[in-house]
Every structure is written in structure tokens, then in C-alpha cells.
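Novice: Sharing a structure below in C-alpha cells format, with a few things to ask.
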Amino acid sequence: MKRTLTCIICPNGCSLDVESDGRDILVEGNLCSRGEAYAREEITDPKRTISSSIRLSGGDMEIVSVRLSKPVSKAMIFPIMEEIRKASVEAPVRIGDVIIRNVLSTGADVIATRNVGRRG
Ligand code: SF4
């Protein structure tokens with residue numbers, strides 16, 4: 001399998017040619033070792049992060065924006081989105097508050113990205 005990826009680790013944005021036969025992975029086009037590590041991870045266990053919002057009760061707003069504390073396996077994105085959809089939190093909420101700790105045992109927390117005070 002051959003793929004071309006753009007390395008997103010730094011602003012250089014190297015174009016990476018990746019060839020894999022299911023066992024060995026050959027990476028070309030990277031200017032540094034971080035690009036090779038990125039390409040290997042993209043092929044074997046791609047990671048992504050999420051920004052979303054969670055229902056909020058008793059606050060100035062009805063939702064509060066959240067994000068993951070770190071990228072997780074791409075396969076966990078939809079299950080985590082479902083956990084976020086089911087969750088709710090009470091105001092007040094502060095930036096950085098952990099809303100769901102270690103969501104679905106991924107090691108990532110769902111954290112608030114804005115302050116929301118109590119209603120009234
Ligand atoms: S391969 Fe290295 S230099 Fe190129 S974009 Fe990735 S991190 Fe930056």
C-alpha cells in the first residue's frame with residue numbers, strides 16, 4: 001500500500017511518501033525523525049482529537065464547549081462523541097475543568113474550554 005501524507009507536526013508540512021507491505025513501513029520525504037514517527041502512527045494507529053459541547057444545567061448558557069485533553073485512536077472518536085452526547089454538567093464551569101475523566105479508558109479527559117457562570 002502506498003500513501004502520501006502531509007506531516008502536521010510542524011509548519012514545514014513535509015509531503016511524506018509512505019509504503020507499507022503490512023509488516024514493514026518505508027517513509028520518505030520527511031526532513032526529520034518526527035515525520036517518520038507521525039507517518040508510522042498514521043498507518044498503524046491514527047489518532048485524532050475532538051472539540052464538541054456538553055449540555056449544561058443552571059448556567060447562563062445551555063451548553064459548554066469541550067475538547068479532549070489529548071488525541072485518541074481514531075476508532076474511539078464516535079464512541080467518545082456518544083459519551084459526550086449523553087453527558088451533562090451543572091454550572092458553574094471553568095476553563096480546564098474535567099467534565100469526563102479518562103473517557104472510555106482512553107487516558108484522555110473531556111475538558112471545558114470556556115467559563116460559564118450560574119444563571120441569574
Ligand atoms: S517531517 Fe519534520 S520537518 Fe517535516 S513537517 Fe514533519 S516535523 Fe516538520
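Each chain in the C-alpha cells gets a letter, A, B, ..., in the order shown, and its residues are numbered from 1; ligands are numbered from 1 in order too.
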As a list of chain:residue names, please: every protein or nucleic acid residue near ligand 1 (cut-off 12 Å, counting only C-alpha atoms and all ligand atoms).

Specialist: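 The neighbouring residues of ligand 1 are, in order, A:Leu5, A:Thr6, A:Cys7, A:Ile8, A:Ile9, A:Cys10, A:Pro11, A:Asn12, A:Gly13, A:Cys14, A:Ser15, A:Leu16, A:Asp17, A:Val27, A:Glu28, A:Gly29, A:Asn30, A:Leu31, A:Cys32, A:Ser33, A:Arg34, A:Gly35, A:Glu36, A:Ala37, A:Tyr38, A:Ala39, A:Arg40.
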
Novice: I'd like to know which residues of range 38-91 of chain A are helix (DSSP H, G or I) (by DSSP, run on the backbone); could you write them as number ranges by chain?

Specialist: A: 38-44, 74-86

Novice: Under the rule of at most 7 Å, produce a per-residue listing of range 1-65 of chain A near range 82-89 of chain A: chain, number, name, the closest pair of atoms, and the distance in Å, as CSV, using only C-alpha atoms.

Specialist:
residue,atom,partner,partner_atom,distance
A:Ile54,CA,A:Ser88,CA,5.8
A:Arg55,CA,A:Ser88,CA,4.7
A:Leu56,CA,A:Val89,CA,5.0
A:Ser57,CA,A:Val89,CA,6.3

Novice: How far is it from CA of Arg48 in chain A to CA of Asp109 in chain A, in Å with one decimal?

Specialist: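 CA of Arg48 in chain A sits 13.6 Å away from CA of Asp109 in chain A.
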
Novice: Which residues, written as a list in words, have at least one atom at most 6 Å from range 94-100 of chain A, with only C-alpha atoms counted and residues fewer than 3 positions away on the same chain left out?

Specialist: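 Answer for this query is Val103, Asp109, Val110, Ile111, Ala112, Thr113, Arg114 and Asn115 of chain A.
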
Novice: For Thr44 in chain A, which residue among A:Ala91, A:Val66, A:Ile25, A:Met81 is the nearest when counting only C-alpha atoms?

Specialist: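 Once distances to Thr44 in chain A are computed over only C-alpha atoms, the minimum belongs to A:Ile25.
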
Novice: Give me the residues near Pro92 in chain A as a PyMOL selection string, where near means some atom within 6 Å (using only C-alpha atoms) and where sequence neighbours in that chain fewer than 3 positions away do not count.

Specialist: chain A and resi 116-118

Novice: Mind checking DSSP for range 4-115 of chain A and telling me the strand (DSSP E or B) residues as a PyMOL selection string?

Specialist: chain A and resi 4-6+15-20+25-28+47-48+51-57+59+63-68+72-73+88-90+93+98-100+110-112

Novice: With only C-alpha atoms as the basis for distance, which of A:Gly120, A:Asp24, A:Val18, A:Thr106 is at the shortest distance from Lys47 in chain A?

Specialist: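 So, comparing all the options, the nearest one is A:Thr106.
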
Novice: Rank A:Ser73, A:Ser20, A:Ser51, A:Ser65 by their smallest atom-to-atom distance to Val93 in chain A, using only C-alpha atoms, and report the top residue only.

Specialist: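 Going through A:Ser73, A:Ser20, A:Ser51, A:Ser65 one by one, the smallest distance to Val93 in chain A is for A:Ser65.
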
Novice: Measuring atom to atom with only C-alpha atoms, identify which of A:Leu68, A:Lys2, A:Glu41, A:Gly22 is nearest to Ala108 in chain A.

Specialist: A:Leu68

Novice: Quick one, how far is CA of Ile80 in chain A from CA of Ile63 in chain A?

Specialist: 17.2 Å

Novice: Hey, can you check how far CA of Pro79 in chain A sits from CA of Pro46 in chain A?

Specialist: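 Going from CA of Pro79 in chain A over to CA of Pro46 in chain A, I get 15.6 Å.
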